[in-house]
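Student: Following this line is run.csv, made up of CSV, C-alpha atoms and all ligand atoms:
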```
chain,number,residue,atom,x,y,z
A,1,MET,CA,-38.2,174.6,-30.3
A,2,LEU,CA,-41.9,174.4,-31.1
A,3,ILE,CA,-43.4,173.2,-34.4
A,4,ASP,CA,-46.9,174.5,-35.1
A,5,CYS,CA,-48.6,171.3,-36.3
A,6,PRO,CA,-51.5,172.2,-38.6
A,7,HIS,CA,-53.6,169.6,-36.8
A,8,CYS,CA,-52.5,169.8,-33.2
A,9,GLY,CA,-51.1,173.3,-32.8
A,10,PRO,CA,-47.7,174.2,-31.3
A,11,ARG,CA,-46.0,171.1,-29.9
A,12,ASP,CA,-42.6,170.4,-28.5
A,13,LEU,CA,-39.9,169.3,-31.0
A,14,ALA,CA,-39.5,166.0,-29.1
A,15,GLU,CA,-42.8,164.8,-30.5
A,16,PHE,CA,-41.6,165.2,-34.1
A,17,SER,CA,-39.2,163.0,-36.3
A,18,TYR,CA,-37.2,164.3,-39.1
A,19,GLN,CA,-38.0,162.6,-42.4
A,20,GLY,CA,-35.6,164.1,-44.8
A,21,ASP,CA,-35.0,166.8,-47.4
A,22,ALA,CA,-38.1,168.0,-49.1
A,23,THR,CA,-36.5,169.9,-51.9
A,24,ARG,CA,-35.7,166.8,-54.0
A,25,THR,CA,-37.8,165.7,-56.9
A,26,ARG,CA,-37.8,161.9,-57.5
A,27,PRO,CA,-36.8,160.8,-61.1
A,28,ASP,CA,-39.4,158.9,-63.0
A,29,LEU,CA,-39.5,155.4,-61.6
A,30,ALA,CA,-38.7,154.0,-65.0
A,31,SER,CA,-35.7,156.2,-65.4
A,32,THR,CA,-32.3,154.5,-65.7
A,33,ASP,CA,-30.4,157.8,-65.5
A,34,THR,CA,-27.8,156.9,-62.8
A,35,LYS,CA,-26.7,160.5,-62.4
A,36,ALA,CA,-30.3,161.6,-61.7
A,37,TRP,CA,-30.8,158.8,-59.2
A,38,LEU,CA,-27.4,159.5,-57.5
A,39,ASP,CA,-28.4,163.1,-57.1
A,40,TYR,CA,-31.8,162.1,-55.7
A,41,VAL,CA,-30.6,159.5,-53.2
A,42,TYR,CA,-27.3,161.0,-52.0
A,43,HIS,CA,-26.5,164.6,-53.0
A,44,ARG,CA,-27.6,167.1,-50.4
A,45,PRO,CA,-26.9,170.8,-50.6
A,46,ASN,CA,-27.0,171.2,-46.8
A,47,PRO,CA,-27.9,174.9,-47.0
A,48,ALA,CA,-27.1,177.4,-44.2
A,49,GLY,CA,-30.3,179.3,-44.2
A,50,ARG,CA,-33.8,178.6,-45.5
A,51,HIS,CA,-34.6,174.9,-46.0
A,52,ARG,CA,-37.6,172.8,-46.8
A,53,GLU,CA,-37.9,169.5,-44.9
A,54,PHE,CA,-40.2,166.6,-44.3
A,55,TRP,CA,-41.1,165.9,-40.6
A,56,GLN,CA,-43.6,163.6,-39.0
A,57,HIS,CA,-45.6,164.4,-35.9
A,58,ALA,CA,-44.9,160.9,-34.8
A,59,GLY,CA,-45.7,161.5,-31.1
A,60,GLY,CA,-48.9,163.3,-31.9
A,61,CYS,CA,-51.4,163.1,-34.8
A,62,ARG,CA,-48.8,161.1,-36.9
A,63,ALA,CA,-49.3,163.4,-39.9
A,64,HIS,CA,-46.4,163.9,-42.3
A,65,LEU,CA,-45.5,167.6,-42.6
A,66,VAL,CA,-43.5,169.9,-44.7
A,67,VAL,CA,-41.6,172.4,-42.6
A,68,GLU,CA,-39.8,175.4,-44.0
A,69,ARG,CA,-37.3,176.7,-41.6
A,70,ASP,CA,-34.0,178.5,-41.3
A,71,THR,CA,-31.1,176.2,-40.4
A,72,LEU,CA,-29.1,179.1,-39.0
A,73,THR,CA,-31.7,180.7,-36.8
A,74,HIS,CA,-34.1,177.8,-36.3
A,75,GLU,CA,-36.9,180.2,-37.3
A,76,ILE,CA,-39.9,178.2,-38.7
A,77,PHE,CA,-41.7,179.9,-41.6
A,78,THR,CA,-44.4,177.5,-42.6
A,79,VAL,CA,-45.7,174.1,-41.6
A,80,SER,CA,-48.2,172.3,-43.9
A,81,PHE,CA,-49.5,168.7,-44.5
A,82,ALA,CA,-47.1,166.8,-46.7
A,83,ARG,CA,-50.1,165.2,-48.5
A,84,LYS,CA,-51.0,168.6,-49.8
A,85,THR,CA,-47.8,169.0,-51.7
A,86,SER,CA,-47.7,167.8,-55.3
A,87,GLY,CA,-46.0,164.7,-56.5
A,88,GLY,CA,-45.0,163.4,-53.1
A,89,ASP,CA,-41.8,165.5,-53.2
A,90,ALA,CA,-41.3,169.2,-53.4
A,91,ALA,CA,-44.4,171.1,-54.4
B,1,MET,CA,-66.6,133.8,-19.9
B,2,VAL,CA,-63.0,134.7,-19.9
B,3,GLU,CA,-61.8,136.5,-16.8
B,4,ARG,CA,-60.5,139.9,-17.7
B,5,ALA,CA,-57.0,140.5,-16.4
B,6,SER,CA,-55.4,143.8,-15.7
B,7,PRO,CA,-52.0,144.5,-17.3
B,8,LEU,CA,-51.0,146.3,-14.1
B,9,GLY,CA,-50.2,143.3,-12.0
B,10,SER,CA,-50.1,142.9,-8.2
B,11,ASP,CA,-48.1,146.1,-7.8
B,12,PHE,CA,-51.1,148.4,-8.5
B,13,ARG,CA,-52.9,148.0,-5.2
B,14,PRO,CA,-55.7,150.2,-3.8
B,15,GLY,CA,-54.5,152.5,-1.0
B,16,SER,CA,-53.1,155.9,-0.3
B,17,TYR,CA,-49.5,156.7,-1.2
B,18,GLY,CA,-47.0,159.6,-1.3
B,19,ASP,CA,-47.4,162.7,0.7
B,20,PHE,CA,-51.1,162.5,1.5
B,21,VAL,CA,-51.1,164.1,4.9
B,22,GLU,CA,-52.6,167.3,3.5
B,23,GLY,CA,-55.1,165.4,1.4
B,24,THR,CA,-55.2,163.3,-1.8
B,25,GLY,CA,-54.1,165.3,-4.8
B,26,VAL,CA,-55.1,162.8,-7.4
B,27,THR,CA,-56.7,159.4,-7.6
B,28,ILE,CA,-55.4,156.9,-10.2
B,29,LEU,CA,-57.5,154.0,-11.4
B,30,GLU,CA,-57.6,151.7,-14.3
B,31,ALA,CA,-60.6,152.7,-16.4
B,32,LEU,CA,-62.0,149.4,-17.5
B,33,LYS,CA,-63.2,149.5,-21.1
B,34,GLY,CA,-65.1,146.7,-22.8
B,35,SER,CA,-64.2,148.1,-26.2
B,36,ILE,CA,-61.6,150.4,-27.6
B,37,VAL,CA,-61.3,151.0,-31.4
B,38,GLU,CA,-59.5,153.4,-33.6
B,39,ALA,CA,-61.5,154.6,-36.6
B,40,SER,CA,-59.7,156.3,-39.5
B,41,ALA,CA,-61.4,158.1,-42.4
B,42,TRP,CA,-60.2,158.0,-46.0
B,43,PRO,CA,-59.2,161.5,-47.2
B,44,GLY,CA,-62.4,163.5,-47.8
B,45,GLU,CA,-64.6,161.2,-45.6
B,46,GLU,CA,-63.7,162.7,-42.2
B,47,LYS,CA,-67.1,164.4,-41.7
B,48,THR,CA,-69.0,161.3,-42.8
B,49,LEU,CA,-67.0,159.1,-40.4
B,50,ALA,CA,-67.7,161.5,-37.5
B,51,GLU,CA,-71.4,161.5,-38.4
B,52,ASN,CA,-71.5,157.7,-38.6
B,53,LEU,CA,-69.7,157.3,-35.3
B,54,SER,CA,-72.1,159.8,-33.7
B,55,ALA,CA,-75.1,157.8,-35.0
B,56,ILE,CA,-73.8,154.4,-34.0
B,57,CYS,CA,-72.6,155.4,-30.6
B,58,ARG,CA,-75.2,158.1,-29.8
B,59,LEU,CA,-72.5,160.8,-29.5
B,60,LYS,CA,-72.2,164.4,-30.8
B,61,LEU,CA,-68.8,164.0,-32.5
B,62,SER,CA,-67.4,166.5,-35.0
B,63,ALA,CA,-64.3,166.0,-37.3
B,64,SER,CA,-62.5,169.1,-36.1
B,65,PRO,CA,-59.0,168.7,-34.6
B,66,GLY,CA,-59.0,167.5,-31.0
B,67,SER,CA,-62.8,167.5,-30.7
B,68,GLY,CA,-64.6,164.8,-28.6
B,69,ALA,CA,-67.8,163.7,-27.0
B,70,ALA,CA,-69.2,161.3,-24.4
B,71,ASN,CA,-72.6,160.0,-23.4
B,72,ARG,CA,-74.3,158.8,-20.3
B,73,GLU,CA,-73.6,155.1,-21.0
B,74,GLY,CA,-69.9,155.8,-20.8
B,75,THR,CA,-69.2,155.7,-24.5
B,76,CYS,CA,-66.7,158.3,-25.5
B,77,ALA,CA,-64.8,159.4,-28.6
B,78,PHE,CA,-62.1,161.9,-29.5
B,79,ASN,CA,-60.1,163.0,-32.4
B,80,ILE,CA,-56.4,162.1,-32.4
B,81,GLY,CA,-55.3,163.1,-35.9
B,82,PRO,CA,-56.7,164.1,-39.3
B,83,GLY,CA,-59.8,161.9,-39.7
B,84,ARG,CA,-58.8,159.6,-36.9
B,85,PHE,CA,-60.7,158.9,-33.7
B,86,ILE,CA,-60.4,156.7,-30.6
B,87,VAL,CA,-63.8,155.4,-29.5
B,88,SER,CA,-64.3,153.4,-26.3
B,89,GLY,CA,-67.2,152.1,-24.3
B,90,GLN,CA,-68.2,149.8,-21.5
B,91,GLY,CA,-69.8,147.0,-23.6
B,92,GLU,CA,-67.6,144.3,-25.1
B,93,ALA,CA,-69.9,144.2,-28.1
B,94,LEU,CA,-69.4,147.8,-29.1
B,95,ALA,CA,-66.2,147.3,-31.1
B,96,GLY,CA,-67.9,144.7,-33.3
B,97,VAL,CA,-70.9,146.9,-33.8
B,98,ILE,CA,-68.7,149.8,-34.9
B,99,ILE,CA,-66.6,147.6,-37.2
B,100,ALA,CA,-69.8,146.2,-38.8
B,101,ALA,CA,-71.4,149.6,-39.2
B,102,ILE,CA,-68.6,151.7,-40.8
B,103,ASP,CA,-68.6,151.1,-44.6
B,104,GLU,CA,-65.2,150.4,-46.1
B,105,SER,CA,-65.8,153.3,-48.5
B,106,VAL,CA,-65.7,155.7,-45.5
B,107,GLY,CA,-62.7,154.4,-43.5
B,108,THR,CA,-61.3,151.6,-41.4
B,109,VAL,CA,-61.9,150.5,-37.9
B,110,THR,CA,-59.2,148.7,-35.8
B,111,ASP,CA,-60.2,146.8,-32.6
B,112,LEU,CA,-57.7,147.9,-29.9
B,113,SER,CA,-59.7,146.5,-27.0
B,114,HIS,CA,-56.8,144.2,-26.1
B,115,GLY,CA,-54.1,146.5,-27.1
B,116,ARG,CA,-54.6,149.5,-24.9
B,117,ALA,CA,-54.9,150.2,-21.2
B,118,VAL,CA,-56.7,153.3,-19.9
B,119,PHE,CA,-55.8,155.2,-16.8
B,120,ALA,CA,-58.3,157.6,-15.2
B,121,VAL,CA,-56.6,160.3,-13.2
B,122,GLU,CA,-58.7,162.7,-11.3
B,123,GLY,CA,-58.6,165.1,-8.4
B,124,PRO,CA,-57.7,168.7,-7.5
B,125,LYS,CA,-54.0,168.4,-8.6
B,126,VAL,CA,-54.6,166.5,-11.8
B,127,GLU,CA,-53.4,169.3,-14.1
B,128,TRP,CA,-50.2,169.8,-12.0
B,129,VAL,CA,-49.4,166.1,-12.2
B,130,LEU,CA,-50.0,165.6,-15.9
B,131,ALA,CA,-48.1,168.8,-16.8
B,132,LYS,CA,-45.0,167.1,-15.4
B,133,LEU,CA,-45.3,164.4,-18.0
B,134,PHE,CA,-46.6,166.1,-21.1
B,135,ALA,CA,-45.7,169.4,-22.8
B,136,LEU,CA,-49.4,170.4,-23.1
B,137,ASP,CA,-51.6,173.1,-21.6
B,138,PHE,CA,-54.0,171.2,-19.3
B,139,SER,CA,-56.0,174.3,-18.2
B,140,LEU,CA,-59.7,174.0,-18.8
B,141,SER,CA,-59.8,176.8,-21.3
B,142,ALA,CA,-57.0,175.3,-23.5
B,143,PHE,CA,-58.2,171.7,-23.0
B,144,PRO,CA,-62.0,171.7,-22.6
B,145,VAL,CA,-64.0,168.8,-21.3
B,146,HIS,CA,-64.4,165.9,-23.8
B,147,THR,CA,-61.6,167.2,-26.1
B,148,GLY,CA,-58.6,165.0,-26.8
B,149,ARG,CA,-54.9,165.2,-27.5
B,150,ALA,CA,-52.5,162.8,-29.0
B,151,THR,CA,-49.1,163.2,-27.4
B,152,ALA,CA,-46.1,161.3,-26.1
B,153,HIS,CA,-44.1,160.8,-22.9
B,154,HIS,CA,-40.6,160.2,-24.2
B,155,ASP,CA,-41.2,157.3,-26.6
B,156,LEU,CA,-44.5,156.2,-25.2
B,157,PHE,CA,-47.5,157.4,-27.2
B,158,VAL,CA,-50.4,158.6,-25.0
B,159,GLN,CA,-53.8,159.7,-26.1
B,160,ILE,CA,-55.6,161.8,-23.6
B,161,GLN,CA,-59.3,162.8,-23.3
B,162,ARG,CA,-60.5,165.2,-20.7
B,163,ARG,CA,-63.6,163.6,-19.2
B,164,GLY,CA,-64.4,166.2,-16.5
B,165,GLU,CA,-63.1,169.4,-15.1
B,166,LYS,CA,-60.7,167.4,-12.9
B,167,ARG,CA,-60.6,164.1,-14.7
B,168,PHE,CA,-58.6,162.8,-17.6
B,169,GLU,CA,-58.4,159.4,-19.3
B,170,LEU,CA,-55.0,158.3,-20.7
B,171,TYR,CA,-54.8,155.6,-23.3
B,172,VAL,CA,-51.4,153.8,-23.5
B,173,PHE,CA,-50.1,150.6,-25.2
B,174,ARG,CA,-51.1,147.7,-23.0
B,175,SER,CA,-47.5,146.4,-22.9
B,176,PHE,CA,-46.4,149.8,-21.5
B,177,ALA,CA,-49.1,150.0,-18.9
B,178,ARG,CA,-47.2,148.8,-15.9
B,179,ALA,CA,-44.2,151.0,-16.6
B,180,PHE,CA,-46.5,154.0,-17.2
B,181,ALA,CA,-48.3,153.3,-14.0
B,182,LYS,CA,-45.0,153.6,-12.2
B,183,THR,CA,-44.3,156.9,-13.9
B,184,LEU,CA,-47.8,158.3,-13.0
B,185,ARG,CA,-47.3,157.2,-9.4
B,186,ARG,CA,-43.9,158.8,-9.2
B,187,ALA,CA,-45.2,162.1,-10.6
B,188,SER,CA,-48.1,162.0,-8.1
B,189,GLU,CA,-46.1,161.4,-4.9
B,190,ASP,CA,-45.6,165.1,-4.0
B,191,VAL,CA,-49.4,165.8,-4.0
B,192,GLY,CA,-50.4,162.5,-2.4
B,193,TYR,CA,-52.4,160.0,-4.4
B,194,ALA,CA,-54.8,157.2,-4.0
B,195,ILE,CA,-55.2,154.1,-6.1
B,196,ARG,CA,-58.7,152.8,-6.4
A,201,ZN,ZN,-49.9,166.9,-35.1
```
Is it possible to express this structure as structure tokens?
Ligand SMILES: [Zn+2]
Tutor:
Amino acid sequence: MLIDCPHCGPRDLAEFSYQGDATRTRPDLASTDTKAWLDYVYHRPNPAGRHREFWQHAGGCRAHLVVERDTLTHEIFTVSFARKTSGGDAA
Amino acid sequence: MVERASPLGSDFRPGSYGDFVEGTGVTILEALKGSIVEASAWPGEEKTLAENLSAICRLKLSASPGSGAANREGTCAFNIGPGRFIVSGQGEALAGVIIAAIDESVGTVTDLSHGRAVFAVEGPKVEWVLAKLFALDFSLSAFPVHTGRATAHHDLFVQIQRRGEKRFELYVFRSFARAFAKTLRRASEDVGYAIR
């Protein structure tokens, strides 16, 4: 599998590290809503299909990326710099 | 004056090795650098950093991905990530000059002179040997002279600059240098190699 890094171009999967689900939105840091924090920290929908994920090109340019891919077919739709998403979580 | 020690130890001795009956496929040597730094721009300052490094080091460096440059004094630089560059040179004073010259509003400069070892690998079979170790296209059209790539061999990060049609320089963590030398030598055995 290749990931097309926006800085480096297509590179082998082995150069990348998975960084987690990028569909979550972090509650306000001052929030004491335990349900919201539980959802944010633990609950994962684990979809069979299109998914949005954080990856890091750790063995390359070291940029953090958002990868949209299909968990069934491994098809990759988009790869972008994570710093260009809003709010640090999902855009 | 402190004597400069190689991290490669007594194992890395000049000579010919492997299957060199048909000729020497590659030559491996430690490229001795007086200074190695990593310069990183704050977001938005990438172009300014490239321009500043160009002026300080007398290079024609751009901020585009993988671009690089070198000059006749042996100073060279290449891009390894968004707004990030490796710069190296022969003089031990160069690192200090760069650190002093890059304003903190543009980015940061880290002295890696004692933290990296650099291998030069050159010869007619250099692309063949390196392609065994890295999933990169080493052909001249895909990896032109002076350009650079940041990549990895398993868990060892390696930054590579093409310094000539048949010459590459590989930057590795100094503590991994001896192990990486072994890997390079093993990969070069079938084409015959010389250590200089
Ligand atoms: Zn990359």
Student: Identify, counting all atoms listed in the file, the protein, DNA and RNA residues located within 6 Å of ligand ZN 201 (chain A), and give them as a list in words.
Tutor: Cys5, His7, Cys8, His57, Gly60, Cys61 and Ala63 of chain A
Student: Do you have the atom CA of B:Lys47-atom CA of B:Pro65 distance handy?
Tutor: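 Between these atoms lies a distance of 11.6 Å.
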Student: By how many Å are atom CA of B:Ile28 and atom CA of B:Thr75 apart?
Tutor: 19.9 Å
Student: For a cut-off of 6 Å around (-45.6, 164.8, -46.1), file coordinates, pick out all residues using only C-alpha atoms and list them as an NGL selection string.
Tutor: :A and (54 or 64-66 or 81-83)
Student: Restrict the distance test to only C-alpha atoms, flag each residue of chain B within 8 Å of chain A, and return the flagged residues as a PyMOL selection string.
Tutor: chain B and resi 65-66+80-82+135-136+149-152+154-155+157
Student: With 12 Å as the cut-off and only C-alpha atoms counted, what is the closest atom pair between each nearby residue of stretch 115-144 of chain B and stretch 84-93 of chain B? Distances in Å to one decimal, ordered by chain and number, as JSON lines.
Tutor:
```
{"residue": "B:Arg116", "atom": "CA", "partner": "B:Ser88", "partner_atom": "CA", "distance": 10.5}
{"residue": "B:Ala117", "atom": "CA", "partner": "B:Ser88", "partner_atom": "CA", "distance": 11.2}
{"residue": "B:Val118", "atom": "CA", "partner": "B:Ser88", "partner_atom": "CA", "distance": 9.9}
```
Student: Which polymer residues, protein or nucleic acid, are no farther than 10 Å from (-38.1, 183.1, -43.4), counting all atoms listed in the file, as a VMD selection string?
Tutor: chain A and resid 49 to 51 68 to 70 73 to 78
Student: Write out as a PDB file with C-alpha atoms, in the coordinates of the input the residues lying within 12 Å of stretch 139-148 of chain B, counting all atoms listed in the file and excluding same-chain residues fewer than 3 positions away.
Tutor:
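The resulting file, out.pdb, is reproduced below:
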```pdb
ATOM      1  CA  CYS A   8     -52.500 169.800 -33.200  1.00  0.00           C
ATOM      2  CA  GLY A   9     -51.100 173.300 -32.800  1.00  0.00           C
ATOM      3  CA  GLY A  60     -48.900 163.300 -31.900  1.00  0.00           C
ATOM      4  CA  CYS A  61     -51.400 163.100 -34.800  1.00  0.00           C
TER       5      CYS A  61
ATOM      6  CA  LEU B  59     -72.500 160.800 -29.500  1.00  0.00           C
ATOM      7  CA  LYS B  60     -72.200 164.400 -30.800  1.00  0.00           C
ATOM      8  CA  LEU B  61     -68.800 164.000 -32.500  1.00  0.00           C
ATOM      9  CA  SER B  62     -67.400 166.500 -35.000  1.00  0.00           C
ATOM     10  CA  ALA B  63     -64.300 166.000 -37.300  1.00  0.00           C
ATOM     11  CA  SER B  64     -62.500 169.100 -36.100  1.00  0.00           C
ATOM     12  CA  PRO B  65     -59.000 168.700 -34.600  1.00  0.00           C
ATOM     13  CA  GLY B  66     -59.000 167.500 -31.000  1.00  0.00           C
ATOM     14  CA  SER B  67     -62.800 167.500 -30.700  1.00  0.00           C
ATOM     15  CA  GLY B  68     -64.600 164.800 -28.600  1.00  0.00           C
ATOM     16  CA  ALA B  69     -67.800 163.700 -27.000  1.00  0.00           C
ATOM     17  CA  ALA B  70     -69.200 161.300 -24.400  1.00  0.00           C
ATOM     18  CA  ASN B  71     -72.600 160.000 -23.400  1.00  0.00           C
ATOM     19  CA  GLY B  74     -69.900 155.800 -20.800  1.00  0.00           C
ATOM     20  CA  THR B  75     -69.200 155.700 -24.500  1.00  0.00           C
ATOM     21  CA  CYS B  76     -66.700 158.300 -25.500  1.00  0.00           C
ATOM     22  CA  ALA B  77     -64.800 159.400 -28.600  1.00  0.00           C
ATOM     23  CA  PHE B  78     -62.100 161.900 -29.500  1.00  0.00           C
ATOM     24  CA  ASN B  79     -60.100 163.000 -32.400  1.00  0.00           C
ATOM     25  CA  ILE B  80     -56.400 162.100 -32.400  1.00  0.00           C
ATOM     26  CA  GLY B  81     -55.300 163.100 -35.900  1.00  0.00           C
ATOM     27  CA  ARG B  84     -58.800 159.600 -36.900  1.00  0.00           C
ATOM     28  CA  PHE B  85     -60.700 158.900 -33.700  1.00  0.00           C
ATOM     29  CA  ILE B  86     -60.400 156.700 -30.600  1.00  0.00           C
ATOM     30  CA  VAL B  87     -63.800 155.400 -29.500  1.00  0.00           C
ATOM     31  CA  LYS B 125     -54.000 168.400  -8.600  1.00  0.00           C
ATOM     32  CA  VAL B 126     -54.600 166.500 -11.800  1.00  0.00           C
ATOM     33  CA  GLU B 127     -53.400 169.300 -14.100  1.00  0.00           C
ATOM     34  CA  TRP B 128     -50.200 169.800 -12.000  1.00  0.00           C
ATOM     35  CA  LEU B 130     -50.000 165.600 -15.900  1.00  0.00           C
ATOM     36  CA  ALA B 131     -48.100 168.800 -16.800  1.00  0.00           C
ATOM     37  CA  LEU B 136     -49.400 170.400 -23.100  1.00  0.00           C
ATOM     38  CA  THR B 151     -49.100 163.200 -27.400  1.00  0.00           C
ATOM     39  CA  VAL B 158     -50.400 158.600 -25.000  1.00  0.00           C
ATOM     40  CA  GLN B 159     -53.800 159.700 -26.100  1.00  0.00           C
ATOM     41  CA  ILE B 160     -55.600 161.800 -23.600  1.00  0.00           C
ATOM     42  CA  GLN B 161     -59.300 162.800 -23.300  1.00  0.00           C
ATOM     43  CA  ARG B 162     -60.500 165.200 -20.700  1.00  0.00           C
ATOM     44  CA  ARG B 163     -63.600 163.600 -19.200  1.00  0.00           C
ATOM     45  CA  GLY B 164     -64.400 166.200 -16.500  1.00  0.00           C
ATOM     46  CA  GLU B 165     -63.100 169.400 -15.100  1.00  0.00           C
ATOM     47  CA  LYS B 166     -60.700 167.400 -12.900  1.00  0.00           C
ATOM     48  CA  ARG B 167     -60.600 164.100 -14.700  1.00  0.00           C
ATOM     49  CA  PHE B 168     -58.600 162.800 -17.600  1.00  0.00           C
ATOM     50  CA  GLU B 169     -58.400 159.400 -19.300  1.00  0.00           C
ATOM     51  CA  LEU B 170     -55.000 158.300 -20.700  1.00  0.00           C
ATOM     52  CA  TYR B 171     -54.800 155.600 -23.300  1.00  0.00           C
TER      53      TYR B 171
END
```
Student: Return the single residue from B:Gly115, B:Arg178, B:Val106, B:Leu94 that is closest to B:Ser10, with distances computed using only C-alpha atoms.
Tutor: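 Looking only at the distances to B:Ser10, the closest residue turns out to be B:Arg178.
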